[in-house]
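Please read the structure below before turning to the comments.
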Amino acid sequence: MDGPIQAIVVHGGAWSIPSEARAAHRAGCLAAAERGFGVLSAGGSALDAVVAAIELLEDDPTFDAGRGSVLSAEGRVQLDAGLMDGRTLHVGAVANVHRVAHPIRLARVVLERSGHHLLVGEGAEQFAIAQGLALVEPDSLVVDRERQRYADFLAGRIATEDDFGGHDTVGAVALDGDGQLAAGNSTGGVAFSLPGRVGDAPVPGVGYVADSRTGGVACTGWGEHILRVALATRALIALEGGADAGDAAREALGVLERSVQGRAGLIVLDRHGRVGLAHSTQCLAHAYRRTGMTEAVGGTEAATASSGPSRRPPR
Ligand code: ASP
């Protein structure tokens, strides 16, 4: 007997994930997909599932989100997150926060209680305090791997664009039993960026989008490229035009490549729970689970072919 379809797909960043880090990326994504699917199975909303999955990834130091984030040129974490409710098209997002362990949780509070959509920096942190969310010491979010990477950067030991690493933004898209979709992202951004830099990840319609009439999308890659083509919206428009989830993701990547010579990874979930994955970077850490599957499946490369190494765009 057919019942409602529930589904979640998560990503843990694109680019060239070093081979020794791939198992951790895969495991983290699988755990997040299971967490999100568990929320959906228990009757939770798509928003609940996206937030639960992303919180798990923010806690996992493997990823460039929450604890484990890359460091800015100033040597501190600089966190962004955003969340969209496909039922209402309401958005909550925060950018440039330093003392928030779970930026996606704060993004949800912005969505539900602020009357605004995007809060940045000090204002966002003050709002967190006012709403009863505890702030943390920024150092508690810094892991030794990133301390070492930053020391290498200061010492001039990071020589090539690909040495920057840490392109491990996380995101999720979910469909709940009521047929509602939500999508979101959380990131520490790109390593050694200028203080105040904001990429695509917290920007609705760019790094993520959800519309329950069509589908949801979350993107990962260089924000400077993704911002210029509103990548998530490109995939949503393709879905609206009748493309299936995989083709919608590939069409968006085609626009990115043709328009700004950019590369990225996308996860797409349509309103029927069909998953689309595509990346033009070497890797895309991902996992998904939908009704009818006994467990989540995932990996660091989607079924689509990779088209070569990633490059940091010039400033
Ligand atoms: N898109 C993120 C940013 O530019 C980075 C990433 O996806 O890894 O901040």
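If you're wondering about the labels, chains in the structure tokens are A, B, ... by order shown, residues count from 1 in each chain, ligands from 1 in order shown.
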
Please report, as CSV, each residue of chain A lying at most 10 Å from ligand 1, together with the nearest pair of atoms and the separation in Å rounded to one decimal; use only C-alpha atoms and all ligand atoms, and order rows by chain and ascending residue number.
```
residue,atom,partner,partner_atom_place_in_ligand_line,distance
A:His11,CA,ligand 1,7 (O),9.5
A:Gly12,CA,ligand 1,8 (O),8.2
A:Gly13,CA,ligand 1,8 (O),5.2
A:Ala14,CA,ligand 1,8 (O),6.4
A:Trp15,CA,ligand 1,8 (O),7.7
A:Phe63,CA,ligand 1,8 (O),9.2
A:Asp64,CA,ligand 1,8 (O),7.1
A:Ala65,CA,ligand 1,8 (O),9.1
A:Val70,CA,ligand 1,8 (O),9.9
A:Gln78,CA,ligand 1,9 (O),9.7
A:Leu79,CA,ligand 1,9 (O),8.8
A:Asp80,CA,ligand 1,9 (O),7.7
A:Ala81,CA,ligand 1,9 (O),9.6
A:Gly165,CA,ligand 1,8 (O),9.1
A:Gly166,CA,ligand 1,8 (O),7.0
A:His167,CA,ligand 1,8 (O),3.6
A:Asp168,CA,ligand 1,8 (O),4.7
A:Thr169,CA,ligand 1,8 (O),4.2
A:Val170,CA,ligand 1,7 (O),7.4
A:Gly171,CA,ligand 1,7 (O),9.0
A:Asn185,CA,ligand 1,7 (O),8.8
A:Ser186,CA,ligand 1,2 (C),8.6
A:Thr187,CA,ligand 1,9 (O),6.2
A:Gly188,CA,ligand 1,9 (O),6.6
A:Gly189,CA,ligand 1,9 (O),3.3
A:Val190,CA,ligand 1,9 (O),5.2
A:Ala191,CA,ligand 1,9 (O),8.9
A:Ser193,CA,ligand 1,9 (O),9.3
A:Arg197,CA,ligand 1,9 (O),8.5
A:Val198,CA,ligand 1,9 (O),6.5
A:Gly199,CA,ligand 1,9 (O),4.2
A:Asp200,CA,ligand 1,1 (N),5.4
A:Ala201,CA,ligand 1,1 (N),5.2
A:Pro202,CA,ligand 1,9 (O),8.4
A:Val206,CA,ligand 1,1 (N),9.7
A:Gly207,CA,ligand 1,1 (N),7.1
A:Ala218,CA,ligand 1,7 (O),9.6
A:Cys219,CA,ligand 1,7 (O),6.8
A:Thr220,CA,ligand 1,7 (O),3.4
A:Gly221,CA,ligand 1,7 (O),3.9
A:Trp222,CA,ligand 1,4 (O),4.3
A:Gly223,CA,ligand 1,4 (O),3.2
A:Glu224,CA,ligand 1,4 (O),6.3
A:His225,CA,ligand 1,4 (O),8.2
A:Ile226,CA,ligand 1,1 (N),7.3
A:Leu227,CA,ligand 1,4 (O),8.7
A:Ala264,CA,ligand 1,7 (O),7.7
A:Gly265,CA,ligand 1,7 (O),8.1
A:Leu266,CA,ligand 1,7 (O),9.8
```

Kindly provide the residues of region 148-195 of chain A that approach region 86-103 of chain A to within 6 Å, each paired with its closest atom pair and their distance in Å to one decimal, based on only C-alpha atoms, listed by chain and increasing number, as JSON lines.
```
{"residue": "A:Gln180", "atom": "CA", "partner": "A:Arg87", "partner_atom": "CA", "distance": 5.8}
{"residue": "A:Leu181", "atom": "CA", "partner": "A:Gly86", "partner_atom": "CA", "distance": 4.9}
{"residue": "A:Ala182", "atom": "CA", "partner": "A:Gly86", "partner_atom": "CA", "distance": 5.1}
```

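The closest residue to His117 (chain A), picked from A:Leu277, A:Leu83, A:Leu141, A:Val268 and counting only C-alpha atoms, is A:Leu83.
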
Near Glu295 (chain A), counting only C-alpha atoms, which residues have an atom at most 12 Å away, once you skip same-chain residues fewer than 2 positions from it, shown as a PDB file with N, CA, C and O atoms, in the first residue's frame?
```pdb
ATOM      1  N   ALA A   7      11.884  11.457   2.765  1.00  0.00           N
ATOM      2  CA  ALA A   7      13.247  11.297   2.234  1.00  0.00           C
ATOM      3  C   ALA A   7      14.148  12.401   2.765  1.00  0.00           C
ATOM      4  O   ALA A   7      13.678  13.507   3.076  1.00  0.00           O
ATOM      5  N   ILE A   8      15.422  12.073   2.850  1.00  0.00           N
ATOM      6  CA  ILE A   8      16.426  13.088   3.182  1.00  0.00           C
ATOM      7  C   ILE A   8      17.701  12.798   2.407  1.00  0.00           C
ATOM      8  O   ILE A   8      18.075  11.635   2.217  1.00  0.00           O
ATOM      9  N   LEU A  30      26.405   9.413   6.235  1.00  0.00           N
ATOM     10  CA  LEU A  30      25.447   8.322   6.490  1.00  0.00           C
ATOM     11  C   LEU A  30      24.753   8.523   7.835  1.00  0.00           C
ATOM     12  O   LEU A  30      23.529   8.367   7.943  1.00  0.00           O
ATOM     13  N   ALA A  31      25.538   8.882   8.849  1.00  0.00           N
ATOM     14  CA  ALA A  31      24.950   9.091  10.179  1.00  0.00           C
ATOM     15  C   ALA A  31      23.941  10.242  10.148  1.00  0.00           C
ATOM     16  O   ALA A  31      22.874  10.170  10.769  1.00  0.00           O
ATOM     17  N   ALA A  32      24.274  11.288   9.411  1.00  0.00           N
ATOM     18  CA  ALA A  32      23.367  12.444   9.344  1.00  0.00           C
ATOM     19  C   ALA A  32      22.084  12.087   8.602  1.00  0.00           C
ATOM     20  O   ALA A  32      20.986  12.503   9.000  1.00  0.00           O
ATOM     21  N   ALA A  33      22.212  11.307   7.529  1.00  0.00           N
ATOM     22  CA  ALA A  33      21.005  10.901   6.789  1.00  0.00           C
ATOM     23  C   ALA A  33      20.127  10.019   7.673  1.00  0.00           C
ATOM     24  O   ALA A  33      18.895  10.161   7.684  1.00  0.00           O
ATOM     25  N   GLU A  34      20.763   9.125   8.425  1.00  0.00           N
ATOM     26  CA  GLU A  34      19.974   8.272   9.336  1.00  0.00           C
ATOM     27  C   GLU A  34      19.302   9.120  10.413  1.00  0.00           C
ATOM     28  O   GLU A  34      18.135   8.890  10.756  1.00  0.00           O
ATOM     29  N   ARG A  35      20.047  10.074  10.945  1.00  0.00           N
ATOM     30  CA  ARG A  35      19.462  10.952  11.969  1.00  0.00           C
ATOM     31  C   ARG A  35      18.236  11.688  11.409  1.00  0.00           C
ATOM     32  O   ARG A  35      17.169  11.729  12.020  1.00  0.00           O
ATOM     33  N   GLY A  36      18.414  12.270  10.238  1.00  0.00           N
ATOM     34  CA  GLY A  36      17.309  13.022   9.637  1.00  0.00           C
ATOM     35  C   GLY A  36      16.129  12.121   9.305  1.00  0.00           C
ATOM     36  O   GLY A  36      14.964  12.481   9.532  1.00  0.00           O
ATOM     37  N   PHE A  37      16.427  10.932   8.793  1.00  0.00           N
ATOM     38  CA  PHE A  37      15.337  10.025   8.432  1.00  0.00           C
ATOM     39  C   PHE A  37      14.595   9.556   9.691  1.00  0.00           C
ATOM     40  O   PHE A  37      13.368   9.394   9.669  1.00  0.00           O
ATOM     41  N   GLY A  38      15.344   9.367  10.758  1.00  0.00           N
ATOM     42  CA  GLY A  38      14.714   8.987  12.024  1.00  0.00           C
ATOM     43  C   GLY A  38      13.728  10.057  12.484  1.00  0.00           C
ATOM     44  O   GLY A  38      12.637   9.740  12.972  1.00  0.00           O
ATOM     45  N   ALA A 287      24.880  11.399   1.320  1.00  0.00           N
ATOM     46  CA  ALA A 287      24.137  10.193   1.705  1.00  0.00           C
ATOM     47  C   ALA A 287      22.660  10.513   1.620  1.00  0.00           C
ATOM     48  O   ALA A 287      22.267  11.686   1.702  1.00  0.00           O
ATOM     49  N   TYR A 288      21.852   9.474   1.434  1.00  0.00           N
ATOM     50  CA  TYR A 288      20.414   9.703   1.412  1.00  0.00           C
ATOM     51  C   TYR A 288      19.665   8.468   1.860  1.00  0.00           C
ATOM     52  O   TYR A 288      20.186   7.350   1.828  1.00  0.00           O
ATOM     53  N   ARG A 289      18.462   8.702   2.282  1.00  0.00           N
ATOM     54  CA  ARG A 289      17.564   7.604   2.616  1.00  0.00           C
ATOM     55  C   ARG A 289      16.144   8.053   2.329  1.00  0.00           C
ATOM     56  O   ARG A 289      15.777   9.189   2.613  1.00  0.00           O
ATOM     57  N   ARG A 290      15.358   7.181   1.753  1.00  0.00           N
ATOM     58  CA  ARG A 290      13.954   7.490   1.494  1.00  0.00           C
ATOM     59  C   ARG A 290      13.110   6.300   1.884  1.00  0.00           C
ATOM     60  O   ARG A 290      13.638   5.194   2.105  1.00  0.00           O
ATOM     61  N   THR A 291      11.818   6.507   1.986  1.00  0.00           N
ATOM     62  CA  THR A 291      10.881   5.440   2.333  1.00  0.00           C
ATOM     63  C   THR A 291      11.110   4.247   1.413  1.00  0.00           C
ATOM     64  O   THR A 291      11.263   4.405   0.199  1.00  0.00           O
ATOM     65  N   GLY A 292      11.177   3.068   2.022  1.00  0.00           N
ATOM     66  CA  GLY A 292      11.397   1.858   1.230  1.00  0.00           C
ATOM     67  C   GLY A 292      12.833   1.373   1.313  1.00  0.00           C
ATOM     68  O   GLY A 292      13.099   0.206   1.038  1.00  0.00           O
ATOM     69  N   MET A 293      13.760   2.245   1.698  1.00  0.00           N
ATOM     70  CA  MET A 293      15.161   1.829   1.870  1.00  0.00           C
ATOM     71  C   MET A 293      15.353   1.389   3.325  1.00  0.00           C
ATOM     72  O   MET A 293      14.843   2.033   4.236  1.00  0.00           O
ATOM     73  N   VAL A 297      22.259   5.187   2.042  1.00  0.00           N
ATOM     74  CA  VAL A 297      23.413   4.885   1.190  1.00  0.00           C
ATOM     75  C   VAL A 297      24.151   6.199   0.923  1.00  0.00           C
ATOM     76  O   VAL A 297      23.555   7.273   0.924  1.00  0.00           O
ATOM     77  N   GLY A 298      25.445   6.082   0.696  1.00  0.00           N
ATOM     78  CA  GLY A 298      26.197   7.311   0.450  1.00  0.00           C
ATOM     79  C   GLY A 298      27.623   7.017   0.070  1.00  0.00           C
ATOM     80  O   GLY A 298      28.030   5.863  -0.051  1.00  0.00           O
TER      81      GLY A 298
END
```

Report as a VMD selection string: the residues of region 199-291 of chain A with a DSSP assignment of helix (DSSP H, G or I), based on the backbone of this structure.
chain A and resid 223 to 229 231 to 240 245 to 260

Take CA of Leu40 (chain A) and CA of Glu55 (chain A) and report the distance between them in Å, one decimal.
15.3 Å

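The residue set within 10 Å of Pro195 (chain A), counting only C-alpha atoms and dropping same-chain residues fewer than 6 places from it, reads Ser72, Ala73, Glu74, Gly75, Arg76, Val77, Gln78 and Asn96 of chain A.
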
Restricting the output to all heavy atoms, write the selected residues as a PDB file, in the first residue's frame.
```
ATOM      1  N   SER A  72      39.737  31.685   9.145  1.00  0.00           N
ATOM      2  CA  SER A  72      39.823  32.832   8.246  1.00  0.00           C
ATOM      3  C   SER A  72      41.264  33.338   8.212  1.00  0.00           C
ATOM      4  O   SER A  72      42.144  32.836   8.922  1.00  0.00           O
ATOM      5  CB  SER A  72      38.911  33.948   8.760  1.00  0.00           C
ATOM      6  OG  SER A  72      39.481  34.479   9.954  1.00  0.00           O
ATOM      7  N   ALA A  73      41.500  34.365   7.422  1.00  0.00           N
ATOM      8  CA  ALA A  73      42.838  34.967   7.358  1.00  0.00           C
ATOM      9  C   ALA A  73      43.264  35.510   8.719  1.00  0.00           C
ATOM     10  O   ALA A  73      44.452  35.656   8.997  1.00  0.00           O
ATOM     11  CB  ALA A  73      42.854  36.075   6.303  1.00  0.00           C
ATOM     12  N   GLU A  74      42.291  35.785   9.572  1.00  0.00           N
ATOM     13  CA  GLU A  74      42.582  36.260  10.932  1.00  0.00           C
ATOM     14  C   GLU A  74      42.812  35.120  11.910  1.00  0.00           C
ATOM     15  O   GLU A  74      43.081  35.353  13.086  1.00  0.00           O
ATOM     16  CB  GLU A  74      41.396  37.075  11.472  1.00  0.00           C
ATOM     17  CG  GLU A  74      41.356  38.508  11.041  1.00  0.00           C
ATOM     18  CD  GLU A  74      40.230  39.246  11.757  1.00  0.00           C
ATOM     19  OE1 GLU A  74      39.191  38.613  12.077  1.00  0.00           O
ATOM     20  OE2 GLU A  74      40.389  40.450  11.983  1.00  0.00           O
ATOM     21  N   GLY A  75      42.631  33.883  11.442  1.00  0.00           N
ATOM     22  CA  GLY A  75      42.872  32.725  12.290  1.00  0.00           C
ATOM     23  C   GLY A  75      41.711  32.367  13.203  1.00  0.00           C
ATOM     24  O   GLY A  75      41.909  31.749  14.244  1.00  0.00           O
ATOM     25  N   ARG A  76      40.499  32.730  12.815  1.00  0.00           N
ATOM     26  CA  ARG A  76      39.367  32.311  13.645  1.00  0.00           C
ATOM     27  C   ARG A  76      38.228  31.772  12.780  1.00  0.00           C
ATOM     28  O   ARG A  76      38.199  31.999  11.573  1.00  0.00           O
ATOM     29  CB  ARG A  76      38.876  33.431  14.540  1.00  0.00           C
ATOM     30  CG  ARG A  76      38.412  34.665  13.843  1.00  0.00           C
ATOM     31  CD  ARG A  76      37.949  35.664  14.896  1.00  0.00           C
ATOM     32  NE  ARG A  76      37.252  36.797  14.322  1.00  0.00           N
ATOM     33  CZ  ARG A  76      36.400  37.547  15.004  1.00  0.00           C
ATOM     34  NH1 ARG A  76      36.149  37.283  16.268  1.00  0.00           N
ATOM     35  NH2 ARG A  76      35.812  38.570  14.438  1.00  0.00           N
ATOM     36  N   VAL A  77      37.321  31.052  13.423  1.00  0.00           N
ATOM     37  CA  VAL A  77      36.197  30.512  12.661  1.00  0.00           C
ATOM     38  C   VAL A  77      35.238  31.647  12.313  1.00  0.00           C
ATOM     39  O   VAL A  77      35.091  32.621  13.049  1.00  0.00           O
ATOM     40  CB  VAL A  77      35.433  29.403  13.429  1.00  0.00           C
ATOM     41  CG1 VAL A  77      36.316  28.185  13.646  1.00  0.00           C
ATOM     42  CG2 VAL A  77      34.864  29.916  14.748  1.00  0.00           C
ATOM     43  N   GLN A  78      34.596  31.485  11.189  1.00  0.00           N
ATOM     44  CA  GLN A  78      33.680  32.489  10.652  1.00  0.00           C
ATOM     45  C   GLN A  78      32.531  31.685  10.027  1.00  0.00           C
ATOM     46  O   GLN A  78      32.693  31.118   8.954  1.00  0.00           O
ATOM     47  CB  GLN A  78      34.473  33.272   9.603  1.00  0.00           C
ATOM     48  CG  GLN A  78      33.845  34.503   9.063  1.00  0.00           C
ATOM     49  CD  GLN A  78      34.883  35.390   8.360  1.00  0.00           C
ATOM     50  OE1 GLN A  78      35.611  36.133   8.995  1.00  0.00           O
ATOM     51  NE2 GLN A  78      34.935  35.305   7.054  1.00  0.00           N
ATOM     52  N   ASN A  96      28.741  35.074   9.397  1.00  0.00           N
ATOM     53  CA  ASN A  96      29.820  35.700  10.146  1.00  0.00           C
ATOM     54  C   ASN A  96      29.622  35.657  11.651  1.00  0.00           C
ATOM     55  O   ASN A  96      29.862  36.643  12.340  1.00  0.00           O
ATOM     56  CB  ASN A  96      29.989  37.147   9.689  1.00  0.00           C
ATOM     57  CG  ASN A  96      31.193  37.281   8.804  1.00  0.00           C
ATOM     58  OD1 ASN A  96      32.318  37.254   9.304  1.00  0.00           O
ATOM     59  ND2 ASN A  96      30.976  37.363   7.517  1.00  0.00           N
TER      60      ASN A  96
END
```

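If only C-alpha atoms are the atoms counted, then among A:Leu239, A:Gln282, A:Arg145, A:Met84 the closest residue to Gly205 (chain A) is A:Met84.
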
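You can rank A:Phe192, A:Leu135, A:Pro61, A:Asp85 by their closest distance to Asp211 (chain A) using only C-alpha atoms, and at the top of that list sits A:Asp85.
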
Go through region 262-293 of chain A and collect every residue that DSSP, computed from the backbone, puts in strand (DSSP E or B); the answer should be as number ranges by chain.
A: 264-270, 275-279, 286-290

For N, CA and C atoms, I'd like the residues from the last selection saved as a short mmCIF file (atom, residue, chain, number, x, y, z; two decimals), in the first residue's frame.
```cif
data_model
loop_
_atom_site.label_atom_id
_atom_site.label_comp_id
_atom_site.auth_asym_id
_atom_site.auth_seq_id
_atom_site.Cartn_x
_atom_site.Cartn_y
_atom_site.Cartn_z
N ALA A 264 31.09 22.78 -8.83
CA ALA A 264 30.36 22.66 -7.57
C ALA A 264 29.75 21.28 -7.45
N GLY A 265 29.07 21.05 -6.35
CA GLY A 265 28.27 19.84 -6.16
C GLY A 265 26.88 20.25 -5.69
N LEU A 266 25.89 19.48 -6.11
CA LEU A 266 24.51 19.79 -5.72
C LEU A 266 23.79 18.53 -5.26
N ILE A 267 22.94 18.70 -4.26
CA ILE A 267 21.98 17.65 -3.92
C ILE A 267 20.59 18.22 -4.19
N VAL A 268 19.76 17.39 -4.79
CA VAL A 268 18.41 17.81 -5.16
C VAL A 268 17.43 16.73 -4.68
N LEU A 269 16.30 17.18 -4.19
CA LEU A 269 15.23 16.25 -3.80
C LEU A 269 13.94 16.82 -4.37
N ASP A 270 13.24 16.05 -5.20
CA ASP A 270 12.00 16.61 -5.74
C ASP A 270 10.83 16.29 -4.82
N VAL A 275 15.86 11.60 -5.61
CA VAL A 275 17.13 12.24 -5.27
C VAL A 275 17.94 12.48 -6.53
N GLY A 276 18.55 13.66 -6.64
CA GLY A 276 19.50 13.96 -7.71
C GLY A 276 20.81 14.41 -7.10
N LEU A 277 21.90 13.87 -7.60
CA LEU A 277 23.23 14.23 -7.11
C LEU A 277 24.09 14.53 -8.33
N ALA A 278 24.84 15.59 -8.28
CA ALA A 278 25.76 15.85 -9.38
C ALA A 278 26.90 16.72 -8.88
N HIS A 279 28.06 16.51 -9.44
CA HIS A 279 29.20 17.36 -9.07
C HIS A 279 30.14 17.46 -10.25
N HIS A 286 28.15 12.59 0.32
CA HIS A 286 26.69 12.63 0.35
C HIS A 286 26.13 11.35 0.97
N ALA A 287 24.88 11.40 1.32
CA ALA A 287 24.14 10.19 1.70
C ALA A 287 22.66 10.51 1.62
N TYR A 288 21.85 9.47 1.43
CA TYR A 288 20.41 9.70 1.41
C TYR A 288 19.66 8.47 1.86
N ARG A 289 18.46 8.70 2.28
CA ARG A 289 17.56 7.60 2.62
C ARG A 289 16.14 8.05 2.33
N ARG A 290 15.36 7.18 1.75
CA ARG A 290 13.95 7.49 1.49
C ARG A 290 13.11 6.30 1.88
#
```

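For the pair CA of Ser45 (chain A) and CA of Leu57 (chain A), the separation is 18.7 Å.
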
Taking 2 positions as the minimum chain separation for residues in the same chain, which residues sit within 10 Å of Arg147 (chain A) when counting only C-alpha atoms? Answer as a PyMOL selection string.
chain A and resi 68+70-71+75-76+142-145+149-153

Could you dump the residues just selected with N, CA, C and O atoms as a short mmCIF file (atom, residue, chain, number, x, y, z; two decimals), in the first residue's frame?
```cif
data_model
loop_
_atom_site.label_atom_id
_atom_site.label_comp_id
_atom_site.auth_asym_id
_atom_site.auth_seq_id
_atom_site.Cartn_x
_atom_site.Cartn_y
_atom_site.Cartn_z
N GLY A 68 35.38 22.19 13.82
CA GLY A 68 36.14 21.62 12.70
C GLY A 68 36.21 22.57 11.52
O GLY A 68 36.86 22.26 10.50
N VAL A 70 37.17 25.58 8.97
CA VAL A 70 38.43 26.20 8.56
C VAL A 70 38.56 27.58 9.23
O VAL A 70 37.58 28.14 9.73
N LEU A 71 39.77 28.11 9.20
CA LEU A 71 40.02 29.41 9.83
C LEU A 71 40.14 30.50 8.77
O LEU A 71 40.60 30.26 7.65
N GLY A 75 42.63 33.88 11.44
CA GLY A 75 42.87 32.73 12.29
C GLY A 75 41.71 32.37 13.20
O GLY A 75 41.91 31.75 14.24
N ARG A 76 40.50 32.73 12.81
CA ARG A 76 39.37 32.31 13.64
C ARG A 76 38.23 31.77 12.78
O ARG A 76 38.20 32.00 11.57
N VAL A 142 37.67 25.17 17.23
CA VAL A 142 38.88 25.02 16.40
C VAL A 142 39.54 23.68 16.71
O VAL A 142 39.78 23.35 17.87
N VAL A 143 39.83 22.91 15.67
CA VAL A 143 40.47 21.60 15.86
C VAL A 143 41.95 21.70 15.44
O VAL A 143 42.34 22.60 14.68
N ASP A 144 42.75 20.75 15.93
CA ASP A 144 44.20 20.79 15.66
C ASP A 144 44.51 20.78 14.16
O ASP A 144 45.44 21.44 13.71
N ARG A 145 43.74 20.03 13.40
CA ARG A 145 43.97 19.98 11.94
C ARG A 145 43.96 21.39 11.34
O ARG A 145 44.82 21.76 10.54
N ARG A 149 46.87 23.76 9.73
CA ARG A 149 46.71 24.29 8.38
C ARG A 149 46.95 25.81 8.38
O ARG A 149 47.58 26.36 7.48
N TYR A 150 46.46 26.44 9.42
CA TYR A 150 46.64 27.90 9.51
C TYR A 150 48.11 28.25 9.74
O TYR A 150 48.64 29.20 9.14
N ALA A 151 48.77 27.45 10.58
CA ALA A 151 50.22 27.68 10.80
C ALA A 151 50.97 27.50 9.47
O ALA A 151 51.88 28.28 9.15
N ASP A 152 50.58 26.50 8.68
CA ASP A 152 51.21 26.28 7.38
C ASP A 152 50.96 27.47 6.44
O ASP A 152 51.83 27.88 5.68
N PHE A 153 49.75 27.99 6.52
CA PHE A 153 49.40 29.16 5.70
C PHE A 153 50.28 30.36 6.08
O PHE A 153 50.88 31.01 5.21
#
```
